[in-house]
2 protein chains.
Amino acid sequence: MATLTGESRSGGDTRERILDVAEVLFTEHGFEGTSMRLITGQAGVNLAAVNYHFGTKEALFQAVFHRRLYQLNRMRLEVLDGMELEAQGAPLKPSQVLEGFFGPVLAMATDTRHGGHTFMRLLGRTYTEPAQFIRKFMAEEFSDVISRYSDALRRALPGVPLAEIMWRLHFMMGAVSYAISGIDALQLVSGRFDDDPALMAPRLMSFLLGGLRAPLPEMISPHAQFPTGDVGGGVLTPDFGAARA
Amino acid sequence: MATLTGESRSGGDTRERILDVAEVLFTEHGFEGTSMRLITGQAGVNLAAVNYHFGTKEALFQAVFHRRLYQLNRMRLEVLDGMELEAQGAPLKPSQVLEGFFGPVLAMATDTRHGGHTFMRLLGRTYTEPAQFIRKFMAEEFSDVISRYSDALRRALPGVPLAEIMWRLHFMMGAVSYAISGIDALQLVSGRFDDDPALMAPRLMSFLLGGLRAPLPEMISPHAQFPTGDVGGGVLTPDFGAARA
DNA sequence: GTATGATTAAAACGAACGTTTGAACTGCGG
DNA sequence: CCGCAGTTCAAACGTTCGTTTTAATCATAC
């Protein structure tokens with residue numbers, strides 16, 4: 001009983017081992033860049049094991065996501081349920097909605113013990129993946145949570161058009177995705193970055209709330225603080241064609 | 001002289017045709033997912049043409065980026081030079097810095113006539129790409145612009161710690177990347193989205209400025225408006241391990 | 001007209017890919 | 001002990017990958 005650590009355990013944990021390894025490798029090399037042989041080799045299982053347990057490589061990718069997203073989105077809904085119950089029908093504060101939506105994400109992202117961090121980086125990269133089968137099951141995994149939370153945001157921000165809310169939700173998801181998937185990418189921005197990553201969550205939340213509550217843009221609210229054309233000279237519409245003609 | 005349209009022109013435009021097609025295909029299928037045969041086939045050139053003109057597939061990918069990024073970052077620096085000259089040594093307004101940094105990006109992103117839109121989607125996806133050779137040349141392409149603009153931001157926001165500025169720059173780049181690379185991804189958020197995409201730029205700029213000027217988070221400025229823990233119950237640190245044990 | 005250097009063309013290279021096959025092995029109820 | 005799912009295994013399948021090779025074609029200068 002002393003030497004049965006790791007490698008060739010016979011138990012039914014082959015499935016889980018594949019999922020754990022695939023999560024890491026998909027994060028590091030992307031879907032196309034990760035081969036079945038690399039996954040199975042690193043997991044210490046036979047090459048055919050993936051096809052046996054999951055059917056196909058695409059199905060494995062989907063399984064990696066489902067395992068985490070199901071937990072994440074269920075938690076989001078539970079938090080929202082709790083807050084709405086406590087509010088007794090009154091609209092929530094914008095900060096509460098953000099907390100409910102992004103709190104679980106950030107918690108999972110900073111959890112390095114159980115692979116949550118790895119997965120969140122993968123999720124961030126995958127949002128922008130254009131592959132058809134990916135977009136499809138992502139939409140399915142998220143539809144409930146998005147509709148519940150966009151509704152909560154709409155009631156938290158009365159007077160703000162729904163279109164604007166959806167855009168800002170989109171912007172916020174982008175900022176969060178980058179913040180998570182690119183603690184490396186930040187080095188691209190700043191060389192080396194010697195700041196505690198645990199401090200990212202409050203920084204990010206503050207940034208998001210500021211963006212969410214920013215004045216509406218000019219063409220919707222004519223008295224917004226930020227005139228987008230204030231540099232002069234039409235910076236927003238230079239003629240990129242001229243440089244190539 | 002009537003029928004020499006398109007296809008097999010003999011001129012030295014083989015290089016450009018490859019670049020144009022590769023830009024589109026890399027955007028649609030990613031680096032690993034795009035084969036040389038697809039690129040050369042769609043460009044109407046011989047398979048060996050890529051290796052002849054660029055040497056390798058990685059070098060082609062890099063060339064696609066350099067062609068656009070060189071123009072983009074040069075324009076960013078020109079705008080910044082102009083603004084700083086006009087300011088005569090005085091700090092710029094935050095809105096000006098944002099305008100200079102993201103204005104050219106948004107202009108290129110909404111330019112559908114010369115492929116700028118396609119490229120910006122590719123750029124957004126590639127920021128988070130973990131492949132080593134990609135990260136390396138991206139860092140090189142951006143180093144000048146980042147250092148100039150982070151410095152301008154630092155002077156535009158006196159009293160804000162440099163670390164905070166770098167983080168917010170990072171958040172903003174994330175929001176912009178998503179906004180651009182995922183006009184499709186927004187459909188993931190909201191089903192179908194029947195709003196004019198041309199209105200995105202002012203919306204985004206307003207959001208960014210709101211986030212940039214948000215109050216500093218609690219643990220840096222103790223009197224920030226947004227207490228990140230205001231939901232109670234420790235939403236920011238649930239124990240994800242418990243559900244898997 | 002012919003030599004020359006740059007480009008294009010067709011074909012093939014070995015390697016790696018996702019998947020399938022059919023046999024071996026496992027733990028267990030009969 | 002046998003039979004039988006469930007699972008693992010080694011080997012091979014056919015395809016596609018990026019790259020290389022060798023010959024043909026082109027434009028241009030002498």
# chains A, B, ... in the order shown; residues from 1 in each chain; ligands from 1

$ closest_atom_pairs --of "chain D" --to "chain B" --cutoff "12 Å" --atoms "only C-alpha atoms (C1' of nucleotides)" --output "CSV"
residue,atom,partner,partner_atom,distance
D:DT16,C1',B:Ser35,CA,9.2
D:DC17,C1',B:Ser35,CA,7.5
D:DG18,C1',B:Met36,CA,7.5
D:DT19,C1',B:Asn51,CA,7.7
D:DT20,C1',B:Ala48,CA,9.1
D:DT21,C1',B:Ala48,CA,10.7
D:DT25,C1',B:Ser10,CA,11.0
D:DC26,C1',B:Ser10,CA,8.8
D:DA27,C1',B:Gly11,CA,10.6

$ write_last_selection --atoms "C-alpha atoms (C1' of nucleotides)" --output "compact mmCIF listing (two decimals), in the first residue's frame"
# COMPACT_ATOMS: atom_id res chain seq x y z
C1' DT D 16 -3.13 15.73 -43.45
C1' DC D 17 0.56 18.38 -41.92
C1' DG D 18 4.92 21.74 -42.95
C1' DT D 19 8.74 21.55 -45.61
C1' DT D 20 12.05 20.26 -49.31
C1' DT D 21 13.51 19.15 -53.78
C1' DT D 25 9.14 29.45 -66.45
C1' DC D 26 9.74 34.29 -66.41
C1' DA D 27 11.88 39.03 -66.91

$ closest_atom_pairs --of "chain C" --to "chain A" --cutoff "10 Å" --atoms "only C-alpha atoms (C1' of nucleotides)" --output "JSON lines"
{"residue": "C:DA16", "atom": "C1'", "partner": "A:Ser35", "partner_atom": "CA", "distance": 9.1}
{"residue": "C:DC17", "atom": "C1'", "partner": "A:Ser35", "partner_atom": "CA", "distance": 7.5}
{"residue": "C:DG18", "atom": "C1'", "partner": "A:Met36", "partner_atom": "CA", "distance": 7.5}
{"residue": "C:DT19", "atom": "C1'", "partner": "A:Asn51", "partner_atom": "CA", "distance": 7.7}
{"residue": "C:DT20", "atom": "C1'", "partner": "A:Ala48", "partner_atom": "CA", "distance": 9.1}
{"residue": "C:DT26", "atom": "C1'", "partner": "A:Ser10", "partner_atom": "CA", "distance": 8.9}

$ select_by_dssp --residues "region 36-203 of chain B" --states "helix (DSSP H, G or I)" --output "MDAnalysis selection string"
chainID B and resid 36:43 49:54 57:87 94:109 116:127 132:156 162:181 185:190 197:203

$ atom_distance --atom1 "CA of Met120 (chain A)" --atom2 "CA of Leu38 (chain A)"
21.3 Å

$ closest_residue --among "B:Val97, B:Leu69, B:Val160, B:Ala214" --to "chain A" --atoms "only C-alpha atoms"
B:Ala214

$ residues_around --residues "DC28 (chain C)" --least-positions-apart "6" --cutoff "12 Å" --atoms "only C-alpha atoms (C1' of nucleotides)" --output "PyMOL selection string"
chain D and resi 2-6

$ residues_around --residues "Ile165 (chain B)" --least-positions-apart "2" --cutoff "12 Å" --atoms "only C-alpha atoms (C1' of nucleotides)" --output "VMD selection string"
(chain A and resid 186 189 to 190 203 to 204 207) or (chain B and resid 94 146 to 147 149 to 163 167 to 172 211 to 214 216)

$ residues_around --residues "DC30 (chain D)" --least-positions-apart "2" --cutoff "12 Å" --atoms "only C-alpha atoms (C1' of nucleotides)" --output "ChimeraX atom specification"
/C:1-4 /D:28

$ write_last_selection --atoms "N, CA and C atoms (P, O5', C5', C4', C3', O3' and C1' of nucleotides)" --output "PDB file, in the first residue's frame"
ATOM      1  P    DG C   1      16.809  36.261 -81.811  1.00  0.00           P
ATOM      2  O5'  DG C   1      17.739  35.171 -81.150  1.00  0.00           O
ATOM      3  C5'  DG C   1      18.787  34.628 -81.872  1.00  0.00           C
ATOM      4  C4'  DG C   1      19.866  34.321 -80.865  1.00  0.00           C
ATOM      5  C3'  DG C   1      19.440  33.257 -79.865  1.00  0.00           C
ATOM      6  O3'  DG C   1      20.614  32.597 -79.423  1.00  0.00           O
ATOM      7  C1'  DG C   1      19.761  35.296 -78.724  1.00  0.00           C
ATOM      8  P    DT C   2      20.621  31.205 -79.016  1.00  0.00           P
ATOM      9  O5'  DT C   2      21.615  31.367 -77.785  1.00  0.00           O
ATOM     10  C5'  DT C   2      22.505  32.500 -77.771  1.00  0.00           C
ATOM     11  C4'  DT C   2      22.782  32.933 -76.342  1.00  0.00           C
ATOM     12  C3'  DT C   2      22.439  31.889 -75.269  1.00  0.00           C
ATOM     13  O3'  DT C   2      23.428  31.948 -74.267  1.00  0.00           O
ATOM     14  C1'  DT C   2      21.385  33.876 -74.755  1.00  0.00           C
ATOM     15  P    DA C   3      23.949  30.651 -73.587  1.00  0.00           P
ATOM     16  O5'  DA C   3      24.399  31.180 -72.153  1.00  0.00           O
ATOM     17  C5'  DA C   3      25.404  32.176 -72.044  1.00  0.00           C
ATOM     18  C4'  DA C   3      25.081  33.142 -70.921  1.00  0.00           C
ATOM     19  C3'  DA C   3      24.908  32.504 -69.547  1.00  0.00           C
ATOM     20  O3'  DA C   3      25.634  33.267 -68.594  1.00  0.00           O
ATOM     21  C1'  DA C   3      23.023  33.795 -70.055  1.00  0.00           C
ATOM     22  P    DT C   4      25.762  32.794 -67.130  1.00  0.00           P
ATOM     23  O5'  DT C   4      24.640  33.627 -66.378  1.00  0.00           O
ATOM     24  C5'  DT C   4      24.615  35.057 -66.506  1.00  0.00           C
ATOM     25  C4'  DT C   4      23.570  35.620 -65.549  1.00  0.00           C
ATOM     26  C3'  DT C   4      23.381  34.789 -64.281  1.00  0.00           C
ATOM     27  O3'  DT C   4      23.233  35.644 -63.167  1.00  0.00           O
ATOM     28  C1'  DT C   4      21.313  35.026 -65.379  1.00  0.00           C
TER      29       DT C   4
ATOM     30  P    DT D  28      10.843  43.231 -66.793  1.00  0.00           P
ATOM     31  O5'  DT D  28      12.432  43.277 -66.932  1.00  0.00           O
ATOM     32  C5'  DT D  28      13.243  42.930 -65.798  1.00  0.00           C
ATOM     33  C4'  DT D  28      14.658  42.608 -66.241  1.00  0.00           C
ATOM     34  C3'  DT D  28      15.276  43.636 -67.211  1.00  0.00           C
ATOM     35  O3'  DT D  28      16.452  44.149 -66.612  1.00  0.00           O
ATOM     36  C1'  DT D  28      15.737  41.423 -67.881  1.00  0.00           C
TER      37       DT D  28
END

$ closest_residue --among "D:DC1, D:DA23, D:DA29, D:DA11" --to "DG22 (chain C)" --atoms "only C-alpha atoms (C1' of nucleotides)"
D:DA11

$ closest_residue --among "B:Gln132, B:Gln88, B:Gln62, B:Thr14" --to "chain A" --atoms "only C-alpha atoms"
B:Gln132

$ residues_around --residues "DT8 (chain D)" --least-positions-apart "4" --cutoff "8 Å" --atoms "only C-alpha atoms (C1' of nucleotides)" --output "mmCIF file with N, CA and C atoms (P, O5', C5', C4', C3', O3' and C1' of nucleotides), in the first residue's frame"
data_model
loop_
_atom_site.group_PDB
_atom_site.id
_atom_site.type_symbol
_atom_site.label_atom_id
_atom_site.label_comp_id
_atom_site.auth_asym_id
_atom_site.auth_seq_id
_atom_site.Cartn_x
_atom_site.Cartn_y
_atom_site.Cartn_z
ATOM 1 N N ASN A 46 -3.666 4.983 -21.916
ATOM 2 C CA ASN A 46 -3.512 4.557 -23.294
ATOM 3 C C ASN A 46 -4.093 5.580 -24.262
ATOM 4 N N ALA A 49 -7.801 5.722 -24.853
ATOM 5 C CA ALA A 49 -8.666 5.958 -23.700
ATOM 6 C C ALA A 49 -9.591 7.154 -23.902
ATOM 7 P P DC C 25 -2.912 -10.974 -21.035
ATOM 8 O "O5'" DC C 25 -3.721 -10.186 -19.909
ATOM 9 C "C5'" DC C 25 -3.504 -8.779 -19.767
ATOM 10 C "C4'" DC C 25 -4.696 -8.140 -19.100
ATOM 11 C "C3'" DC C 25 -5.105 -8.756 -17.750
ATOM 12 O "O3'" DC C 25 -4.735 -7.842 -16.737
ATOM 13 C "C1'" DC C 25 -6.981 -8.144 -19.092
#

$ atom_distance --atom1 "CA of Arg148 (chain A)" --atom2 "CA of Leu209 (chain A)"
18.8 Å

$ decode --residues "region 1-20 of chain D" --atoms "C-alpha atoms (C1' of nucleotides)" --output "compact mmCIF listing (two decimals), in the first residue's frame"
# COMPACT_ATOMS: atom_id res chain seq x y z
C1' DC D 1 -14.84 -22.35 -12.83
C1' DC D 2 -17.09 -19.93 -16.36
C1' DG D 3 -19.00 -16.11 -18.69
C1' DC D 4 -19.49 -11.42 -19.23
C1' DA D 5 -19.45 -6.47 -19.08
C1' DG D 6 -16.14 -2.84 -18.54
C1' DT D 7 -11.82 -1.29 -19.46
C1' DT D 8 -7.04 -1.17 -21.13
C1' DC D 9 -3.68 -2.19 -24.53
C1' DA D 10 -0.54 -2.38 -28.78
C1' DA D 11 -0.84 -1.76 -33.41
C1' DA D 12 -2.33 -0.06 -37.40
C1' DC D 13 -5.55 2.79 -40.39
C1' DG D 14 -5.86 6.56 -43.78
C1' DT D 15 -5.23 11.51 -43.89
C1' DT D 16 -3.13 15.73 -43.45
C1' DC D 17 0.56 18.38 -41.92
C1' DG D 18 4.92 21.74 -42.95
C1' DT D 19 8.74 21.55 -45.61
C1' DT D 20 12.05 20.26 -49.31
